[in-house]
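Structure file data08.cif (mmCIF, C-alpha atoms) follows.
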data_target
loop_
_atom_site.label_atom_id
_atom_site.label_comp_id
_atom_site.auth_asym_id
_atom_site.auth_seq_id
_atom_site.Cartn_x
_atom_site.Cartn_y
_atom_site.Cartn_z
CA MET Y 1 -8.04 -6.87 -26.62
CA ARG Y 2 -9.87 -6.38 -29.91
CA HIS Y 3 -8.55 -9.35 -31.93
CA PRO Y 4 -11.50 -11.36 -33.27
CA GLN Y 5 -10.15 -14.52 -31.62
CA VAL Y 6 -9.69 -12.90 -28.21
CA PRO Y 7 -12.61 -12.75 -25.74
CA GLU Y 8 -12.91 -9.38 -24.01
CA THR Y 9 -12.86 -9.12 -20.21
CA LEU Y 10 -14.17 -6.56 -17.77
CA ASP Y 11 -11.50 -5.82 -15.17
CA SER Y 12 -11.78 -4.20 -11.75
CA TRP Y 13 -10.07 -4.84 -8.42
CA HIS Y 14 -6.32 -5.39 -8.37
CA ILE Y 15 -5.78 -8.36 -6.04
CA LEU Y 16 -2.83 -9.54 -3.97
CA HIS Y 17 -2.93 -12.85 -2.12
CA ARG Y 18 -0.16 -13.38 0.45
CA MET Y 19 0.40 -16.69 2.25
CA PHE Y 20 2.52 -16.83 5.40
CA ARG Y 21 3.80 -19.29 7.94
CA PHE Y 22 3.26 -18.03 11.48
CA ASP Y 23 5.92 -18.66 14.15
CA ARG Y 24 3.37 -19.25 16.87
CA ARG Y 25 5.80 -20.58 19.47
CA ARG Y 26 8.07 -17.56 19.22
CA PHE Y 27 5.04 -15.26 19.36
CA ASP Y 28 3.79 -17.11 22.47
CA GLU Y 29 7.07 -16.34 24.25
CA LEU Y 30 6.29 -12.61 24.20
CA PRO Y 31 4.70 -10.96 27.24
CA SER Y 32 0.93 -10.79 26.97
CA GLU Y 33 0.97 -6.97 26.84
CA ARG Y 34 3.28 -6.97 23.84
CA ARG Y 35 1.20 -9.63 22.03
CA ALA Y 36 -1.88 -7.50 22.55
CA ALA Y 37 -0.06 -4.41 21.28
CA ILE Y 38 1.01 -6.25 18.11
CA ALA Y 39 -2.60 -7.26 17.46
CA ARG Y 40 -3.81 -3.69 18.00
CA GLU Y 41 -1.19 -2.31 15.64
CA ALA Y 42 -2.21 -4.77 12.92
CA HIS Y 43 -5.89 -3.96 13.41
CA ALA Y 44 -5.18 -0.22 13.16
CA CYS Y 45 -3.33 -0.79 9.88
CA LEU Y 46 -5.87 -3.08 8.23
CA ALA Y 47 -9.19 -1.64 9.44
CA PRO Y 48 -9.06 1.45 7.16
CA LEU Y 49 -8.38 -0.79 4.15
CA ALA Y 50 -11.44 -2.90 4.95
CA ALA Y 51 -13.64 0.14 5.50
CA SER Y 52 -12.58 2.10 2.41
CA ALA Y 53 -14.51 2.15 -0.85
CA GLU Y 54 -11.11 2.07 -2.58
CA SER Y 55 -9.91 -1.23 -1.07
CA ASP Y 56 -10.70 -4.31 0.96
CA VAL Y 57 -8.79 -6.88 3.00
CA SER Y 58 -9.58 -10.45 4.02
CA LEU Y 59 -7.88 -12.70 6.59
CA ALA Y 60 -7.97 -16.49 6.63
CA GLN Y 61 -6.55 -19.24 8.80
CA LEU Y 62 -5.19 -21.85 6.38
CA LEU Y 63 -5.10 -25.58 6.98
CA GLY Y 64 -2.15 -27.85 6.28
CA HIS Y 65 1.61 -27.44 6.14
CA LYS Y 66 1.92 -25.04 3.19
CA SER Y 67 0.84 -21.89 5.06
CA ASP Y 68 -0.91 -20.81 8.23
CA PHE Y 69 -2.28 -17.41 7.33
CA MET Y 70 -3.55 -15.73 4.15
CA VAL Y 71 -4.08 -12.01 3.63
CA THR Y 72 -6.04 -10.98 0.55
CA HIS Y 73 -5.86 -7.32 -0.49
CA TYR Y 74 -8.21 -5.64 -2.97
CA ALA Y 75 -7.27 -2.21 -4.34
CA LYS Y 76 -8.15 -0.02 -7.31
CA SER Y 77 -4.55 0.20 -8.54
CA PHE Y 78 -1.23 -1.60 -8.32
CA ASP Y 79 0.14 1.44 -6.51
CA GLN Y 80 -2.45 1.03 -3.76
CA LEU Y 81 -1.59 -2.67 -3.50
CA GLY Y 82 2.05 -1.71 -3.12
CA ALA Y 83 1.19 0.73 -0.33
CA ALA Y 84 -0.86 -1.92 1.48
CA GLU Y 85 1.93 -4.48 1.13
CA THR Y 86 4.54 -2.06 2.47
CA ALA Y 87 2.36 -1.00 5.41
CA PHE Y 88 1.74 -4.63 6.34
CA ASP Y 89 5.43 -5.51 6.13
CA LYS Y 90 6.29 -2.66 8.53
CA LEU Y 91 4.02 -4.11 11.22
CA GLU Y 92 5.69 -5.79 14.16
CA LEU Y 93 3.50 -8.80 13.36
CA ALA Y 94 5.57 -9.30 10.20
CA SER Y 95 8.54 -10.28 12.38
CA TYR Y 96 6.67 -13.49 13.23
CA LEU Y 97 5.52 -14.27 9.69
CA THR Y 98 7.51 -15.96 6.94
CA ALA Y 99 6.29 -15.43 3.40
CA HIS Y 100 5.50 -18.74 1.70
CA SER Y 101 3.74 -17.66 -1.48
CA SER Y 102 1.86 -14.81 -3.11
CA TYR Y 103 -0.31 -14.16 -6.13
CA VAL Y 104 -0.92 -10.99 -8.17
CA SER Y 105 -4.02 -10.69 -10.37
CA VAL Y 106 -6.92 -8.50 -11.45
CA LEU Y 107 -10.55 -9.43 -10.94
CA GLU Y 108 -12.13 -10.16 -14.30
CA LEU Y 109 -15.46 -11.06 -15.81
CA GLY Y 110 -15.05 -13.11 -18.97
CA LEU Y 111 -17.20 -12.12 -21.93
CA TYR Y 112 -16.93 -15.07 -24.28
CA GLU Y 113 -20.60 -15.01 -25.28
CA ALA Y 114 -20.86 -11.22 -25.42
CA SER Y 115 -17.59 -10.80 -27.36
CA GLY Y 116 -18.70 -13.32 -29.98
CA ARG Y 117 -22.07 -11.60 -30.34
CA ILE Y 118 -20.45 -8.16 -30.67
CA HIS Y 119 -17.97 -9.43 -33.28
CA ALA Y 120 -20.86 -10.90 -35.31
CA GLU Y 121 -22.88 -7.69 -35.09
CA LEU Y 122 -19.94 -5.58 -36.26
CA ARG Y 123 -19.27 -8.03 -39.09
CA ASP Y 124 -22.92 -7.85 -40.15
CA ARG Y 125 -22.63 -4.05 -40.20
CA GLY Y 126 -19.77 -4.39 -42.67
CA LEU Y 127 -17.17 -2.82 -40.38
CA LYS Y 128 -13.57 -3.77 -41.08
CA PRO Y 129 -11.91 -5.38 -38.03
CA ASN Y 130 -9.65 -2.97 -36.13
CA SER Y 131 -10.67 -0.01 -38.28
CA GLN Y 132 -11.35 3.21 -36.40
CA GLU Y 133 -15.10 2.71 -36.76
CA TRP Y 134 -14.88 -0.95 -35.68
CA ILE Y 135 -12.83 -0.08 -32.57
CA ALA Y 136 -15.20 2.71 -31.55
CA ALA Y 137 -18.24 0.48 -31.96
CA PHE Y 138 -16.58 -2.40 -30.14
CA ASP Y 139 -15.49 -0.22 -27.21
CA GLY Y 140 -18.99 1.21 -26.93
CA ALA Y 141 -20.54 -2.25 -26.83
CA ILE Y 142 -18.11 -3.38 -24.14
CA LEU Y 143 -18.86 -0.26 -22.09
CA GLU Y 144 -22.52 -1.21 -22.24
CA GLN Y 145 -21.61 -4.63 -20.83
CA ALA Y 146 -19.74 -3.01 -17.93
CA GLN Y 147 -22.74 -0.81 -17.13
CA GLN Y 148 -25.24 -3.65 -16.97
CA PRO Y 149 -26.40 -3.92 -13.32
CA ARG Y 150 -25.42 -7.58 -12.99
CA ASN Y 151 -21.87 -6.97 -14.21
CA ALA Y 152 -21.40 -3.64 -12.44
CA GLY Y 153 -22.35 -5.21 -9.11
CA ARG Y 154 -19.92 -8.07 -9.53
CA LEU Y 155 -17.02 -5.94 -10.71
CA TRP Y 156 -16.65 -3.88 -7.54
CA ALA Y 157 -18.09 -6.26 -4.95
CA LYS Y 158 -15.98 -6.59 -1.83
CA VAL Y 159 -14.52 -9.90 -0.64
CA PRO Y 160 -17.44 -12.31 -0.16
CA GLN Y 161 -18.27 -12.71 3.52
CA ARG Y 162 -18.53 -16.48 3.70
CA ARG Y 163 -16.76 -18.63 6.26
CA TYR Y 164 -14.68 -20.98 4.11
CA VAL Y 165 -12.26 -20.03 1.35
CA CYS Y 166 -10.36 -22.00 -1.28
CA PHE Y 167 -7.80 -20.35 -3.56
CA TYR Y 168 -5.88 -21.90 -6.45
CA PRO Y 169 -4.18 -20.75 -9.66
CA MET Y 170 -4.77 -22.41 -13.03
CA ASP Y 171 -3.76 -22.39 -16.69
CA LYS Y 172 -5.25 -23.42 -19.99
CA LYS Y 173 -2.99 -26.00 -21.63
CA ARG Y 174 -0.95 -24.88 -24.62
CA GLY Y 175 1.24 -27.88 -25.43
CA GLU Y 176 2.02 -29.37 -28.81
CA ALA Y 177 -0.82 -31.89 -28.71
CA ILE Y 178 -3.46 -30.01 -26.73
CA ASN Y 179 -3.54 -26.24 -27.05
CA TRP Y 180 -6.52 -24.22 -25.83
CA TYR Y 181 -5.34 -21.13 -27.69
CA GLN Y 182 -5.38 -22.91 -31.06
CA LEU Y 183 -9.06 -23.81 -30.80
CA SER Y 184 -11.46 -21.68 -32.78
CA TYR Y 185 -13.31 -18.93 -30.96
CA ASP Y 186 -16.62 -20.74 -31.39
CA ASP Y 187 -15.21 -23.97 -29.94
CA ARG Y 188 -13.75 -22.16 -26.92
CA ALA Y 189 -16.98 -20.24 -26.37
CA SER Y 190 -19.03 -23.44 -26.50
CA LEU Y 191 -16.73 -25.17 -24.01
CA MET Y 192 -16.85 -22.22 -21.63
CA LEU Y 193 -20.64 -22.08 -21.88
CA ASP Y 194 -20.87 -25.72 -20.78
CA HIS Y 195 -18.26 -25.09 -18.09
CA GLY Y 196 -20.26 -22.18 -16.73
CA LYS Y 197 -23.41 -24.28 -16.47
CA ILE Y 198 -21.73 -26.39 -13.78
CA GLY Y 199 -20.84 -23.33 -11.77
CA ARG Y 200 -24.38 -21.98 -12.07
CA SER Y 201 -25.76 -25.28 -10.78
CA PHE Y 202 -24.04 -24.40 -7.46
CA HIS Y 203 -25.69 -20.97 -7.33
CA GLY Y 204 -26.26 -19.90 -3.75
CA LEU Y 205 -23.84 -22.49 -2.39
CA VAL Y 206 -20.59 -20.91 -3.52
CA THR Y 207 -19.36 -17.45 -4.49
CA GLN Y 208 -16.63 -17.50 -7.13
CA VAL Y 209 -14.10 -14.74 -7.82
CA ILE Y 210 -12.02 -15.17 -10.98
CA SER Y 211 -8.95 -12.98 -11.42
CA GLY Y 212 -6.72 -12.76 -14.47
CA SER Y 213 -2.96 -12.98 -13.99
CA ILE Y 214 -1.53 -13.29 -17.51
CA GLY Y 215 1.49 -11.01 -17.46
CA PHE Y 216 1.26 -10.60 -13.68
CA ASP Y 217 2.14 -14.00 -12.21
CA ASP Y 218 3.23 -17.54 -13.07
CA TRP Y 219 -0.25 -18.85 -13.83
CA GLU Y 220 -3.00 -17.41 -16.03
CA TRP Y 221 -5.88 -17.15 -13.57
CA GLY Y 222 -6.49 -17.19 -9.85
CA VAL Y 223 -9.70 -18.69 -8.51
CA ASP Y 224 -11.22 -17.87 -5.13
CA LEU Y 225 -14.17 -19.91 -3.89
CA TYR Y 226 -16.15 -18.85 -0.82
CA ALA Y 227 -18.81 -21.00 0.83
CA ASP Y 228 -20.61 -21.70 4.10
CA ASP Y 229 -19.76 -25.41 3.84
CA PRO Y 230 -16.25 -26.48 2.73
CA LEU Y 231 -17.61 -29.71 1.23
CA VAL Y 232 -19.01 -27.56 -1.57
CA PHE Y 233 -15.45 -26.97 -2.84
CA LYS Y 234 -14.87 -30.70 -3.28
CA LYS Y 235 -18.20 -31.28 -5.00
CA LEU Y 236 -17.89 -28.33 -7.37
CA ILE Y 237 -14.28 -28.92 -8.41
CA TYR Y 238 -14.80 -32.68 -8.73
CA GLU Y 239 -17.79 -32.18 -11.01
CA MET Y 240 -15.85 -29.68 -13.10
CA ARG Y 241 -13.07 -32.24 -13.58
CA PHE Y 242 -15.45 -34.14 -15.89
CA ASP Y 243 -16.20 -31.05 -17.98
CA GLU Y 244 -14.25 -31.03 -21.25
CA ALA Y 245 -12.86 -27.52 -20.71
CA SER Y 246 -11.20 -28.79 -17.52
CA ALA Y 247 -10.59 -32.45 -18.36
CA ARG Y 248 -8.71 -31.69 -21.59
CA TYR Y 249 -7.51 -28.14 -21.31
CA ALA Y 250 -6.99 -27.13 -17.66
CA ALA Y 251 -3.90 -27.35 -15.44
CA PHE Y 252 -4.06 -26.51 -11.74
CA GLY Y 253 -1.58 -25.11 -9.25
CA PRO Y 254 -1.46 -25.52 -5.46
CA PHE Y 255 -4.66 -25.24 -3.45
CA TYR Y 256 -4.95 -23.16 -0.27
CA THR Y 257 -7.98 -23.82 1.91
CA GLY Y 258 -9.10 -22.48 5.26
CA MET Y 259 -11.44 -20.37 7.32
CA GLN Y 260 -12.00 -16.70 6.66
CA PHE Y 261 -12.26 -14.62 9.84
CA SER Y 262 -13.08 -11.07 10.82
CA LEU Y 263 -10.38 -8.53 11.53
CA ALA Y 264 -11.70 -8.15 15.07
CA GLU Y 265 -10.89 -11.84 15.59
CA LEU Y 266 -7.19 -11.44 14.76
CA PRO Y 267 -6.18 -11.58 18.47
CA HIS Y 268 -7.80 -15.03 18.75
CA PHE Y 269 -5.82 -16.27 15.75
CA LEU Y 270 -2.55 -14.90 17.09
CA GLU Y 271 -3.11 -16.15 20.64
CA GLY Y 272 -4.47 -19.52 19.57
CA SER Y 273 -7.03 -19.10 22.33
CA ALA Y 274 -9.97 -19.87 20.04
CA ILE Y 275 -10.66 -20.54 16.39
CA PRO Y 276 -11.20 -17.06 14.91
CA LYS Y 277 -14.72 -16.54 13.59
CA LEU Y 278 -16.28 -14.68 10.71
CA LEU Y 279 -18.55 -12.31 12.59
CA PRO Y 280 -21.85 -11.06 11.15
CA ALA Y 281 -21.57 -7.75 9.36
CA PRO Y 282 -22.88 -4.87 11.48
CA GLU Y 283 -26.36 -3.64 10.71
CA PRO Y 284 -26.39 -0.38 8.73
CA VAL Y 285 -27.22 2.70 10.76
CA LEU Y 286 -30.51 4.26 9.66
CA HIS Y 287 -30.86 8.02 9.86
#
The structure in this file should be written as structure tokens.
Amino acid sequence: MRHPQVPETLDSWHILHRMFRFDRRRFDELPSERRAAIAREAHACLAPLAASAESDVSLAQLLGHKSDFMVTHYAKSFDQLGAAETAFDKLELASYLTAHSSYVSVLELGLYEASGRIHAELRDRGLKPNSQEWIAAFDGAILEQAQQPRNAGRLWAKVPQRRYVCFYPMDKKRGEAINWYQLSYDDRASLMLDHGKIGRSFHGLVTQVISGSIGFDDWEWGVDLYADDPLVFKKLIYEMRFDEASARYAAFGPFYTGMQFSLAELPHFLEGSAIPKLLPAPEPVLH
């Protein structure tokens, strides 16, 4: 994306969210040995995905009528996502799950400020937009952005290990009267800068994962919020409603909210014997 009006993004994990309804009563009718075997089979399938450097998986118990269970897959390619989806659907557990919704996207870091600065620098150097020299210089500058420690760490971070999760898709409006994509680059960059200040004011309270879905799904972005206190979701999103980038230009899809839990806690979720917990990550082994 090298058009002067288009902000560049850094892209990494391919992400698949899957929301299911769980037929708990039918599952409860199974003998206890078979229920335990189903849980073990699911654990054996998902554990390698969570442990691999090439993927990750997150489980969440959702609240409300829309869905009961959300599985979030991270992978380094669409092909790997497809393999994870197929493996999950072959589990016996899938016989007790009904797909409600899903979302396909790619984790992205927006570079509004950096893209604008790079465009200005190339213009000052007298390079013609989209010439061979301009493209080479632009690509090199973007590569430098990807290699910056702050960006590199965010690009390939695994699913944040925080108890509560909120996922929703969103668009930027593009109607006849209000159209985000017809604003000038400088106006959009200024609005996004102000928008980002609100998010940064919640630093430490919430971890945000933005994924782009233009060309992949029905909305333009997916947003995952992770926090240790679910009230943070309400406060953050409510405050952002008053920001001009959201108040005038944003449209939101359905919200899915619940409790993230560890893979080892899957039997508790399936049995309904206890609310599944997000267990502390094991301490690294020192040699």
Q.
Can you pull out the residues contacting Val57 of chain Y? Cut-off 8 Å, using all atoms listed in the file, and skip same-chain residues under 4 positions away; I want them as an MDAnalysis selection string.
A. chainID Y and resid 46 49:50 71:74 159
Keeping only C-alpha atoms, write the selected residues to a file as a PDB file, in the coordinates of the input.
ATOM      1  CA  LEU Y  46      -5.870  -3.080   8.230  1.00  0.00           C
ATOM      2  CA  LEU Y  49      -8.380  -0.790   4.150  1.00  0.00           C
ATOM      3  CA  ALA Y  50     -11.440  -2.900   4.950  1.00  0.00           C
ATOM      4  CA  VAL Y  71      -4.080 -12.010   3.630  1.00  0.00           C
ATOM      5  CA  THR Y  72      -6.040 -10.980   0.550  1.00  0.00           C
ATOM      6  CA  HIS Y  73      -5.860  -7.320  -0.490  1.00  0.00           C
ATOM      7  CA  TYR Y  74      -8.210  -5.640  -2.970  1.00  0.00           C
ATOM      8  CA  VAL Y 159     -14.520  -9.900  -0.640  1.00  0.00           C
TER       9      VAL Y 159
END
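Using the PyMOL selection byres ((chain Y and resi 254) around 6) on this structure selects Tyr168, Gly253 and Phe255 of chain Y.
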Q: Report as a PyMOL selection string the residues that result from applying the PyMOL selection byres ((chain Y and resi 40-43) around 8) to the structure here.
A: chain Y and resi 36-39+44-47+88+91-93+263-264+266
Those residues with C-alpha atoms, as a PDB file, keeping the file's coordinate frame please?
ATOM      1  CA  ALA Y  36      -1.880  -7.500  22.550  1.00  0.00           C
ATOM      2  CA  ALA Y  37      -0.060  -4.410  21.280  1.00  0.00           C
ATOM      3  CA  ILE Y  38       1.010  -6.250  18.110  1.00  0.00           C
ATOM      4  CA  ALA Y  39      -2.600  -7.260  17.460  1.00  0.00           C
ATOM      5  CA  ALA Y  44      -5.180  -0.220  13.160  1.00  0.00           C
ATOM      6  CA  CYS Y  45      -3.330  -0.790   9.880  1.00  0.00           C
ATOM      7  CA  LEU Y  46      -5.870  -3.080   8.230  1.00  0.00           C
ATOM      8  CA  ALA Y  47      -9.190  -1.640   9.440  1.00  0.00           C
ATOM      9  CA  PHE Y  88       1.740  -4.630   6.340  1.00  0.00           C
ATOM     10  CA  LEU Y  91       4.020  -4.110  11.220  1.00  0.00           C
ATOM     11  CA  GLU Y  92       5.690  -5.790  14.160  1.00  0.00           C
ATOM     12  CA  LEU Y  93       3.500  -8.800  13.360  1.00  0.00           C
ATOM     13  CA  LEU Y 263     -10.380  -8.530  11.530  1.00  0.00           C
ATOM     14  CA  ALA Y 264     -11.700  -8.150  15.070  1.00  0.00           C
ATOM     15  CA  LEU Y 266      -7.190 -11.440  14.760  1.00  0.00           C
TER      16      LEU Y 266
END
Q. If the PyMOL selection byres ((chain Y and resi 129-145) around 9) is run on the structure shown, which residues does it catch, given as a PyMOL selection string?
A. chain Y and resi 2-4+8-10+111+114-115+118-119+122-123+127-128+146-149+151-152
Q: Figure out the distance between atom CA of Leu109 of chain Y and atom CA of Gln208 of chain Y, please, to one decimal in Å.
A: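 One can read the atom CA of Gln208 of chain Y to atom CA of Leu109 of chain Y distance as 10.9 Å.
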(Q) With distances taken over all atoms listed in the file, which residue among Y:Asp217, Y:Glu85, Y:Asp228, Y:Asp11 lies nearest Arg162 of chain Y? (A)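 Among the listed residues, Y:Asp228 lies closest to Arg162 of chain Y.
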(Q) I'd like the neighbourhood of Leu279 of chain Y as a list of chain:residue names, where a residue qualifies if any of its atoms comes within 10 Å (using only C-alpha atoms), though same-chain residues fewer than 2 positions away should be ignored. (A) Y:Gln161, Y:Arg162, Y:Arg163, Y:Gln260, Y:Phe261, Y:Ser262, Y:Leu263, Y:Ala264, Y:Glu265, Y:Pro276, Y:Lys277, Y:Ala281, Y:Pro282
Q. Which residue gives the smallest distance to Phe242 of chain Y among Y:Ile178, Y:Ile198, Y:Leu63, Y:Ile275, with only C-alpha atoms counted?
A.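 Closest candidate: Y:Ile198.
Between Tyr103 of chain Y and the residues Y:Pro169, Y:Gly258, Y:Pro31, Y:Gly204, the shortest atom-to-atom distance, using only C-alpha atoms, involves Y:Pro169.
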Q.
Would you compute the distance between atom CA of Val6 of chain Y and atom CA of Gly110 of chain Y? Give it in Å to one decimal.
A.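 Computing the Euclidean distance for atom CA of Val6 of chain Y and atom CA of Gly110 of chain Y yields 10.7 Å.
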Q: Could you jot down the atom CA of Asp224 of chain Y to atom CA of Glu176 of chain Y separation for me, Å, one decimal place?
A: 29.5 Å
Q | Shell around Ser77 of chain Y at 12 Å using only C-alpha atoms, local window under 5 positions removed, as an MDAnalysis selection string | A | chainID Y and resid 11:16 54:55 82:84 104:107
Q) Nearest to Asp186 of chain Y: which of Y:Arg25, Y:Lys234, Y:Arg117, Y:His17 is it, counting only C-alpha atoms? A)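 Closest to Asp186 of chain Y, using only C-alpha atoms: Y:Arg117.
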Please put the answer as AutoDock Vina command-line options: centre and edge lengths, in Å with one decimal, of a box along x, y and z that encloses all listed atoms of segment 192-195 of chain Y plus 5 Å on each side.
--center_x -18.9 --center_y -23.9 --center_z -20.0 --size_x 14.0 --size_y 13.6 --size_z 13.8
**Q.** Proximity to Leu231 of chain Y - best of Y:Ala51, Y:Leu205, Y:Ala94, Y:Leu183, only C-alpha atoms
**A.**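 Counting only C-alpha atoms, the residue closest to Leu231 of chain Y is Y:Leu205.
The protein and nucleic acid residues lying at most 6 Å from Gln61 of chain Y are Asp68, Phe69, Gly258 and Met259 of chain Y, with all atoms listed in the file considered and sequence neighbours fewer than 4 positions away removed.
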Q: Find the residues near Ser101 of chain Y: any atom within 8 Å, counting only C-alpha atoms, skip ones fewer than 3 places away on the same chain, and give them as an NGL selection string.
A: :Y and (18-20)
Any chance you could export the current selection's C-alpha atoms as a PDB file, keeping the file's coordinate frame?
ATOM      1  CA  ARG Y  18      -0.160 -13.380   0.450  1.00  0.00           C
ATOM      2  CA  MET Y  19       0.400 -16.690   2.250  1.00  0.00           C
ATOM      3  CA  PHE Y  20       2.520 -16.830   5.400  1.00  0.00           C
TER       4      PHE Y  20
END
Q) Which is closest to Ile210 of chain Y among Y:Leu155, Y:Glu108, Y:Gly175, Y:Pro230, if we use only C-alpha atoms? A)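 Among the listed residues, the smallest separation from Ile210 of chain Y belongs to Y:Glu108.
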Report as a Markdown table: every residue of segment 104-222 of chain Y with an atom at most 8 Å from segment 235-241 of chain Y, its closest pair of atoms, and their distance in Å to one decimal, counting all atoms listed in the file, with rows sorted by chain and ascending residue number.
| residue | atom | partner | partner_atom | distance |
| --- | --- | --- | --- | --- |
| Y:His195 | CA | Y:Met240 | CA | 7.2 |
| Y:Ile198 | CA | Y:Met240 | CA | 6.8 |
| Y:Gly199 | CA | Y:Leu236 | CA | 7.3 |
| Y:Phe202 | CA | Y:Leu236 | CA | 7.3 |
